[in-house]
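Quick look at target29.cif (mmCIF, N, CA and C atoms):
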data_coords
#
loop_
_atom_site.label_atom_id
_atom_site.label_comp_id
_atom_site.auth_asym_id
_atom_site.auth_seq_id
_atom_site.Cartn_x
_atom_site.Cartn_y
_atom_site.Cartn_z
N MET V 1180 -139.41 40.20 -88.13
CA MET V 1180 -139.50 38.79 -87.77
C MET V 1180 -138.71 38.58 -86.48
N SER V 1181 -139.28 37.86 -85.57
CA SER V 1181 -138.60 37.64 -84.29
C SER V 1181 -137.50 36.59 -84.44
N LEU V 1182 -136.59 36.59 -83.50
CA LEU V 1182 -135.50 35.62 -83.51
C LEU V 1182 -136.04 34.21 -83.41
N GLN V 1183 -137.08 34.00 -82.61
CA GLN V 1183 -137.67 32.66 -82.48
C GLN V 1183 -138.23 32.17 -83.80
N ALA V 1184 -138.90 33.02 -84.53
CA ALA V 1184 -139.46 32.64 -85.82
C ALA V 1184 -138.35 32.29 -86.80
N TYR V 1185 -137.31 33.09 -86.81
CA TYR V 1185 -136.17 32.83 -87.70
C TYR V 1185 -135.52 31.49 -87.35
N THR V 1186 -135.30 31.25 -86.06
CA THR V 1186 -134.68 30.01 -85.61
C THR V 1186 -135.54 28.81 -85.99
N ALA V 1187 -136.84 28.93 -85.80
CA ALA V 1187 -137.75 27.83 -86.15
C ALA V 1187 -137.71 27.56 -87.65
N ALA V 1188 -137.69 28.61 -88.46
CA ALA V 1188 -137.64 28.43 -89.91
C ALA V 1188 -136.33 27.80 -90.34
N ALA V 1189 -135.23 28.24 -89.76
CA ALA V 1189 -133.92 27.68 -90.10
C ALA V 1189 -133.84 26.22 -89.71
N THR V 1190 -134.41 25.86 -88.57
CA THR V 1190 -134.38 24.48 -88.11
C THR V 1190 -135.16 23.58 -89.06
N ARG V 1191 -136.29 24.06 -89.52
CA ARG V 1191 -137.11 23.26 -90.44
C ARG V 1191 -136.40 23.08 -91.78
N ALA V 1192 -135.69 24.09 -92.24
CA ALA V 1192 -135.07 24.04 -93.56
C ALA V 1192 -133.71 23.35 -93.55
N GLU V 1193 -133.09 23.19 -92.40
CA GLU V 1193 -131.73 22.66 -92.33
C GLU V 1193 -131.77 21.14 -92.13
N THR V 1194 -131.11 20.42 -93.04
CA THR V 1194 -131.01 18.97 -92.91
C THR V 1194 -129.91 18.64 -91.90
N PRO V 1195 -129.89 17.42 -91.40
CA PRO V 1195 -128.79 17.04 -90.50
C PRO V 1195 -127.41 17.25 -91.14
N ARG V 1196 -127.30 16.98 -92.43
CA ARG V 1196 -126.03 17.18 -93.13
C ARG V 1196 -125.68 18.67 -93.17
N ASP V 1197 -126.68 19.51 -93.40
CA ASP V 1197 -126.45 20.97 -93.39
C ASP V 1197 -125.96 21.41 -92.01
N LEU V 1198 -126.59 20.88 -90.97
CA LEU V 1198 -126.20 21.21 -89.61
C LEU V 1198 -124.76 20.79 -89.34
N GLU V 1199 -124.40 19.58 -89.75
CA GLU V 1199 -123.02 19.11 -89.55
C GLU V 1199 -122.03 20.00 -90.30
N TYR V 1200 -122.36 20.36 -91.54
CA TYR V 1200 -121.49 21.22 -92.33
C TYR V 1200 -121.29 22.57 -91.63
N ARG V 1201 -122.41 23.14 -91.18
CA ARG V 1201 -122.34 24.45 -90.51
C ARG V 1201 -121.52 24.37 -89.23
N LEU V 1202 -121.72 23.31 -88.45
CA LEU V 1202 -120.97 23.14 -87.21
C LEU V 1202 -119.48 22.96 -87.49
N PHE V 1203 -119.14 22.13 -88.49
CA PHE V 1203 -117.73 21.99 -88.86
C PHE V 1203 -117.15 23.33 -89.28
N GLY V 1204 -117.92 24.14 -90.00
CA GLY V 1204 -117.44 25.46 -90.41
C GLY V 1204 -117.15 26.35 -89.22
N GLN V 1205 -118.04 26.35 -88.25
CA GLN V 1205 -117.84 27.18 -87.06
C GLN V 1205 -116.62 26.73 -86.27
N VAL V 1206 -116.49 25.43 -86.06
CA VAL V 1206 -115.36 24.90 -85.30
C VAL V 1206 -114.06 25.15 -86.05
N THR V 1207 -114.08 24.96 -87.35
CA THR V 1207 -112.87 25.16 -88.15
C THR V 1207 -112.44 26.62 -88.13
N ARG V 1208 -113.40 27.53 -88.20
CA ARG V 1208 -113.06 28.96 -88.10
C ARG V 1208 -112.42 29.26 -86.75
N ALA V 1209 -112.92 28.64 -85.69
CA ALA V 1209 -112.33 28.84 -84.37
C ALA V 1209 -110.89 28.30 -84.33
N LEU V 1210 -110.66 27.16 -84.97
CA LEU V 1210 -109.30 26.61 -85.02
C LEU V 1210 -108.36 27.52 -85.82
N VAL V 1211 -108.84 28.03 -86.95
CA VAL V 1211 -108.03 28.93 -87.77
C VAL V 1211 -107.67 30.17 -86.96
N HIS V 1212 -108.67 30.73 -86.27
CA HIS V 1212 -108.40 31.91 -85.45
C HIS V 1212 -107.39 31.58 -84.35
N ALA V 1213 -107.60 30.45 -83.68
CA ALA V 1213 -106.71 30.06 -82.58
C ALA V 1213 -105.28 29.86 -83.07
N SER V 1214 -105.15 29.44 -84.32
CA SER V 1214 -103.80 29.21 -84.86
C SER V 1214 -103.06 30.51 -85.11
N THR V 1215 -103.80 31.63 -85.14
CA THR V 1215 -103.17 32.92 -85.44
C THR V 1215 -102.89 33.76 -84.20
N VAL V 1216 -103.45 33.38 -83.06
CA VAL V 1216 -103.24 34.18 -81.85
C VAL V 1216 -101.88 33.85 -81.25
N ASP V 1217 -101.42 34.74 -80.41
CA ASP V 1217 -100.15 34.53 -79.72
C ASP V 1217 -100.22 33.27 -78.87
N ALA V 1218 -99.12 32.57 -78.79
CA ALA V 1218 -99.06 31.32 -78.02
C ALA V 1218 -99.41 31.53 -76.55
N THR V 1219 -99.30 32.76 -76.09
CA THR V 1219 -99.65 33.02 -74.68
C THR V 1219 -101.16 33.15 -74.47
N ASP V 1220 -101.93 33.23 -75.56
CA ASP V 1220 -103.39 33.29 -75.45
C ASP V 1220 -103.93 31.87 -75.33
N ILE V 1221 -103.64 31.28 -74.22
CA ILE V 1221 -103.96 29.86 -73.97
C ILE V 1221 -105.48 29.63 -74.02
N ALA V 1222 -106.25 30.56 -73.47
CA ALA V 1222 -107.70 30.36 -73.41
C ALA V 1222 -108.31 30.20 -74.80
N THR V 1223 -107.92 31.06 -75.73
CA THR V 1223 -108.46 30.98 -77.09
C THR V 1223 -108.05 29.67 -77.75
N ARG V 1224 -106.80 29.31 -77.57
CA ARG V 1224 -106.29 28.08 -78.19
C ARG V 1224 -106.99 26.84 -77.61
N ILE V 1225 -107.10 26.78 -76.31
CA ILE V 1225 -107.71 25.61 -75.67
C ILE V 1225 -109.20 25.55 -75.94
N ASP V 1226 -109.88 26.68 -75.96
CA ASP V 1226 -111.32 26.68 -76.26
C ASP V 1226 -111.58 26.09 -77.64
N ALA V 1227 -110.81 26.50 -78.64
CA ALA V 1227 -111.00 25.98 -79.99
C ALA V 1227 -110.68 24.49 -80.06
N LEU V 1228 -109.58 24.09 -79.44
CA LEU V 1228 -109.21 22.67 -79.44
C LEU V 1228 -110.25 21.83 -78.72
N ASP V 1229 -110.76 22.33 -77.61
CA ASP V 1229 -111.77 21.59 -76.85
C ASP V 1229 -113.06 21.47 -77.65
N TRP V 1230 -113.47 22.53 -78.31
CA TRP V 1230 -114.69 22.50 -79.11
C TRP V 1230 -114.54 21.46 -80.23
N ASN V 1231 -113.39 21.45 -80.87
CA ASN V 1231 -113.13 20.49 -81.94
C ASN V 1231 -113.14 19.06 -81.39
N ARG V 1232 -112.50 18.85 -80.26
CA ARG V 1232 -112.49 17.53 -79.62
C ARG V 1232 -113.90 17.06 -79.29
N ARG V 1233 -114.70 17.95 -78.76
CA ARG V 1233 -116.08 17.58 -78.40
C ARG V 1233 -116.89 17.22 -79.64
N LEU V 1234 -116.70 17.96 -80.73
CA LEU V 1234 -117.39 17.63 -81.98
C LEU V 1234 -117.02 16.22 -82.43
N TRP V 1235 -115.72 15.94 -82.45
CA TRP V 1235 -115.27 14.63 -82.90
C TRP V 1235 -115.67 13.52 -81.93
N SER V 1236 -115.73 13.82 -80.67
CA SER V 1236 -116.17 12.84 -79.68
C SER V 1236 -117.64 12.46 -79.91
N VAL V 1237 -118.46 13.45 -80.21
CA VAL V 1237 -119.88 13.18 -80.49
C VAL V 1237 -120.00 12.33 -81.75
N LEU V 1238 -119.21 12.65 -82.78
CA LEU V 1238 -119.24 11.85 -84.00
C LEU V 1238 -118.83 10.41 -83.73
N ALA V 1239 -117.76 10.23 -82.97
CA ALA V 1239 -117.29 8.87 -82.66
C ALA V 1239 -118.33 8.12 -81.84
N ASN V 1240 -118.92 8.79 -80.89
CA ASN V 1240 -119.95 8.17 -80.06
C ASN V 1240 -121.13 7.73 -80.93
N ASP V 1241 -121.54 8.59 -81.84
CA ASP V 1241 -122.65 8.26 -82.74
C ASP V 1241 -122.28 7.08 -83.64
N CYS V 1242 -121.05 7.06 -84.09
CA CYS V 1242 -120.61 5.97 -84.97
C CYS V 1242 -120.48 4.64 -84.23
N SER V 1243 -120.33 4.68 -82.94
CA SER V 1243 -120.23 3.44 -82.16
C SER V 1243 -121.60 2.84 -81.87
N ASP V 1244 -122.65 3.58 -82.16
CA ASP V 1244 -124.02 3.10 -81.96
C ASP V 1244 -124.35 2.07 -83.04
N PRO V 1245 -124.75 0.85 -82.65
CA PRO V 1245 -125.08 -0.17 -83.64
C PRO V 1245 -126.21 0.24 -84.59
N GLY V 1246 -127.04 1.18 -84.18
CA GLY V 1246 -128.13 1.62 -85.03
C GLY V 1246 -127.73 2.67 -86.06
N ASN V 1247 -126.47 3.08 -86.06
CA ASN V 1247 -126.00 4.07 -87.01
C ASN V 1247 -126.11 3.49 -88.42
N VAL V 1248 -126.64 4.27 -89.36
CA VAL V 1248 -126.90 3.77 -90.72
C VAL V 1248 -125.68 3.84 -91.64
N LEU V 1249 -124.62 4.50 -91.22
CA LEU V 1249 -123.41 4.51 -92.04
C LEU V 1249 -122.82 3.11 -92.10
N GLY V 1250 -122.10 2.82 -93.17
CA GLY V 1250 -121.43 1.54 -93.28
C GLY V 1250 -120.38 1.37 -92.19
N GLN V 1251 -120.11 0.13 -91.86
CA GLN V 1251 -119.17 -0.15 -90.77
C GLN V 1251 -117.78 0.43 -91.06
N SER V 1252 -117.34 0.37 -92.28
CA SER V 1252 -116.02 0.89 -92.65
C SER V 1252 -115.96 2.41 -92.44
N MET V 1253 -117.00 3.11 -92.87
CA MET V 1253 -117.03 4.57 -92.71
C MET V 1253 -117.08 4.93 -91.24
N ARG V 1254 -117.87 4.21 -90.47
CA ARG V 1254 -117.95 4.48 -89.03
C ARG V 1254 -116.59 4.26 -88.38
N ALA V 1255 -115.90 3.20 -88.76
CA ALA V 1255 -114.58 2.92 -88.19
C ALA V 1255 -113.59 4.03 -88.55
N GLN V 1256 -113.67 4.54 -89.77
CA GLN V 1256 -112.77 5.62 -90.19
C GLN V 1256 -113.03 6.90 -89.38
N ILE V 1257 -114.28 7.19 -89.13
CA ILE V 1257 -114.62 8.39 -88.35
C ILE V 1257 -114.13 8.24 -86.92
N ILE V 1258 -114.31 7.05 -86.35
CA ILE V 1258 -113.82 6.80 -84.99
C ILE V 1258 -112.30 6.92 -84.95
N SER V 1259 -111.63 6.41 -85.96
CA SER V 1259 -110.17 6.51 -86.03
C SER V 1259 -109.73 7.97 -86.13
N LEU V 1260 -110.42 8.75 -86.95
CA LEU V 1260 -110.10 10.18 -87.04
C LEU V 1260 -110.32 10.87 -85.71
N SER V 1261 -111.38 10.49 -85.02
CA SER V 1261 -111.66 11.08 -83.71
C SER V 1261 -110.52 10.81 -82.73
N LEU V 1262 -110.00 9.59 -82.75
CA LEU V 1262 -108.87 9.26 -81.88
C LEU V 1262 -107.64 10.08 -82.25
N PHE V 1263 -107.39 10.24 -83.55
CA PHE V 1263 -106.27 11.06 -84.00
C PHE V 1263 -106.44 12.50 -83.54
N VAL V 1264 -107.65 13.05 -83.73
CA VAL V 1264 -107.93 14.44 -83.33
C VAL V 1264 -107.66 14.62 -81.85
N ASN V 1265 -108.06 13.66 -81.05
CA ASN V 1265 -107.84 13.74 -79.61
C ASN V 1265 -106.34 13.76 -79.28
N ARG V 1266 -105.59 12.84 -79.87
CA ARG V 1266 -104.14 12.79 -79.62
C ARG V 1266 -103.44 14.04 -80.14
N HIS V 1267 -103.79 14.45 -81.34
CA HIS V 1267 -103.13 15.60 -81.95
C HIS V 1267 -103.46 16.89 -81.19
N SER V 1268 -104.68 16.99 -80.70
CA SER V 1268 -105.06 18.18 -79.91
C SER V 1268 -104.21 18.29 -78.66
N SER V 1269 -103.96 17.15 -78.03
CA SER V 1269 -103.09 17.16 -76.84
C SER V 1269 -101.69 17.62 -77.21
N ALA V 1270 -101.20 17.17 -78.35
CA ALA V 1270 -99.86 17.58 -78.80
C ALA V 1270 -99.82 19.08 -79.11
N VAL V 1271 -100.91 19.61 -79.68
CA VAL V 1271 -100.97 21.05 -79.96
C VAL V 1271 -100.95 21.82 -78.64
N MET V 1272 -101.70 21.35 -77.67
CA MET V 1272 -101.72 22.03 -76.36
C MET V 1272 -100.34 22.03 -75.72
N ARG V 1273 -99.58 20.97 -75.93
CA ARG V 1273 -98.23 20.91 -75.36
C ARG V 1273 -97.21 21.67 -76.19
N GLY V 1274 -97.63 22.20 -77.34
CA GLY V 1274 -96.73 22.95 -78.20
C GLY V 1274 -95.87 22.07 -79.09
N GLU V 1275 -96.21 20.80 -79.21
CA GLU V 1275 -95.43 19.85 -80.01
C GLU V 1275 -95.90 19.79 -81.46
N GLU V 1276 -97.12 20.22 -81.72
CA GLU V 1276 -97.71 20.18 -83.06
C GLU V 1276 -98.45 21.48 -83.31
N GLY V 1277 -98.84 21.69 -84.58
CA GLY V 1277 -99.61 22.87 -84.94
C GLY V 1277 -101.06 22.51 -85.22
N PHE V 1278 -101.82 23.52 -85.53
CA PHE V 1278 -103.26 23.38 -85.77
C PHE V 1278 -103.59 22.85 -87.17
N GLN V 1279 -102.68 22.97 -88.11
CA GLN V 1279 -103.02 22.78 -89.52
C GLN V 1279 -103.61 21.40 -89.83
N ASP V 1280 -103.09 20.33 -89.23
CA ASP V 1280 -103.66 19.01 -89.51
C ASP V 1280 -105.12 18.93 -89.09
N LEU V 1281 -105.45 19.52 -87.96
CA LEU V 1281 -106.84 19.52 -87.49
C LEU V 1281 -107.73 20.33 -88.43
N ILE V 1282 -107.23 21.46 -88.87
CA ILE V 1282 -107.97 22.31 -89.81
C ILE V 1282 -108.19 21.56 -91.11
N ASP V 1283 -107.15 20.91 -91.61
CA ASP V 1283 -107.26 20.16 -92.87
C ASP V 1283 -108.27 19.02 -92.78
N ILE V 1284 -108.26 18.29 -91.68
CA ILE V 1284 -109.21 17.19 -91.50
C ILE V 1284 -110.64 17.73 -91.50
N ASN V 1285 -110.87 18.80 -90.77
CA ASN V 1285 -112.21 19.38 -90.74
C ASN V 1285 -112.65 19.86 -92.11
N ARG V 1286 -111.74 20.48 -92.85
CA ARG V 1286 -112.08 20.95 -94.20
C ARG V 1286 -112.40 19.78 -95.12
N MET V 1287 -111.69 18.68 -94.97
CA MET V 1287 -111.99 17.49 -95.78
C MET V 1287 -113.38 16.95 -95.44
N MET V 1288 -113.72 16.97 -94.17
CA MET V 1288 -115.06 16.53 -93.77
C MET V 1288 -116.12 17.45 -94.38
N MET V 1289 -115.85 18.74 -94.38
CA MET V 1289 -116.78 19.70 -94.97
C MET V 1289 -116.93 19.46 -96.46
N GLN V 1290 -115.83 19.14 -97.14
CA GLN V 1290 -115.91 18.84 -98.57
C GLN V 1290 -116.76 17.61 -98.81
N GLY V 1291 -116.57 16.60 -97.97
CA GLY V 1291 -117.38 15.38 -98.09
C GLY V 1291 -118.85 15.67 -97.85
N LEU V 1292 -119.15 16.46 -96.85
CA LEU V 1292 -120.55 16.80 -96.57
C LEU V 1292 -121.14 17.63 -97.70
N SER V 1293 -120.35 18.53 -98.24
CA SER V 1293 -120.81 19.37 -99.34
C SER V 1293 -121.02 18.55 -100.59
N GLY V 1294 -120.08 17.64 -100.89
CA GLY V 1294 -120.20 16.79 -102.08
C GLY V 1294 -121.40 15.88 -101.99
N SER V 1295 -121.69 15.39 -100.80
CA SER V 1295 -122.84 14.53 -100.60
C SER V 1295 -124.13 15.30 -100.81
N GLN V 1296 -124.11 16.59 -100.43
CA GLN V 1296 -125.30 17.42 -100.62
C GLN V 1296 -125.57 17.60 -102.11
N GLN V 1297 -124.52 17.83 -102.86
CA GLN V 1297 -124.68 18.08 -104.28
C GLN V 1297 -125.13 16.82 -105.01
N ALA V 1298 -124.66 15.66 -104.53
CA ALA V 1298 -125.03 14.40 -105.16
C ALA V 1298 -126.47 14.03 -104.83
N ALA V 1299 -126.96 14.50 -103.69
CA ALA V 1299 -128.32 14.11 -103.24
C ALA V 1299 -129.39 14.82 -104.05
#
As structure tokens, what does this structure read like?
Amino acid sequence: MSLQAYTAAATRAETPRDLEYRLFGQVTRALVHASTVDATDIATRIDALDWNRRLWSVLANDCSDPGNVLGQSMRAQIISLSLFVNRHSSAVMRGEEGFQDLIDINRMMMQGLSGSQQAA
């Protein structure tokens, strides 16, 4: 089977929630790895933090769209978490904080996405 056929099949079978869960898993693994490298490996650390920031930025941007179907309270909470992730990432880059809070937040999001899948 060609890579294109596999990709097309995976795209058809994957729901948006599945995609979000998978993306959170990939970003979280990058954060976990970055948390274990030497502090002098700035590129690895910043790449993971930037990827996580971009993920949360996209979520916040989507939640700010009036057409978003999530409830207003949930959208506000996601935007608030995005702001926290942004601030905390800057603190991690400055060496003032660690990665664990970011990892924990992402894992909680994954649990929520997973729980929603099971309930559906």
Please list as a tab-separated table (two decimals) with N, CA and C atoms, in the frame of the given file every residue within 6.5 Å of stretch 1279-1292 of chain V, counting all atoms listed in the file and excluding residues in the same chain fewer than 5 positions away.
chain	number	residue	atom	x	y	z
V	1196	ARG	N	-127.30	16.98	-92.43
V	1196	ARG	CA	-126.03	17.18	-93.13
V	1196	ARG	C	-125.68	18.67	-93.17
V	1200	TYR	N	-122.36	20.36	-91.54
V	1200	TYR	CA	-121.49	21.22	-92.33
V	1200	TYR	C	-121.29	22.57	-91.63
V	1203	PHE	N	-119.14	22.13	-88.49
V	1203	PHE	CA	-117.73	21.99	-88.86
V	1203	PHE	C	-117.15	23.33	-89.28
V	1207	THR	N	-114.08	24.96	-87.35
V	1207	THR	CA	-112.87	25.16	-88.15
V	1207	THR	C	-112.44	26.62	-88.13
V	1211	VAL	N	-108.84	28.03	-86.95
V	1211	VAL	CA	-108.03	28.93	-87.77
V	1211	VAL	C	-107.67	30.17	-86.96
V	1297	GLN	N	-124.52	17.83	-102.86
V	1297	GLN	CA	-124.68	18.08	-104.28
V	1297	GLN	C	-125.13	16.82	-105.01
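With distances restricted to only N, CA and C atoms, V:Asn1240 is the closest residue to V:Ile1258 from V:Ser1293, V:Asn1240, V:Thr1194, V:Asn1231.
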Rounded to one decimal place, report the atom N of V:Ile1221-atom C of V:Met1272 distance in Å.
9.9 Å
So, counting only C-alpha atoms, which residue among V:Val1237, V:Leu1228, V:Cys1242, V:Leu1210 is closest to V:Val1264?
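Among the listed residues, V:Leu1228 lies closest to V:Val1264.
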One-decimal distance in Å that lies between atom CA of V:Leu1234 and atom N of V:Arg1201:
11.8 Å
Just how far from atom C of V:Phe1278 is atom CA of V:Phe1263, in Å to one decimal?
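Taking atom CA of V:Phe1263 as the start and atom C of V:Phe1278 as the end point, the length is 12.5 Å.
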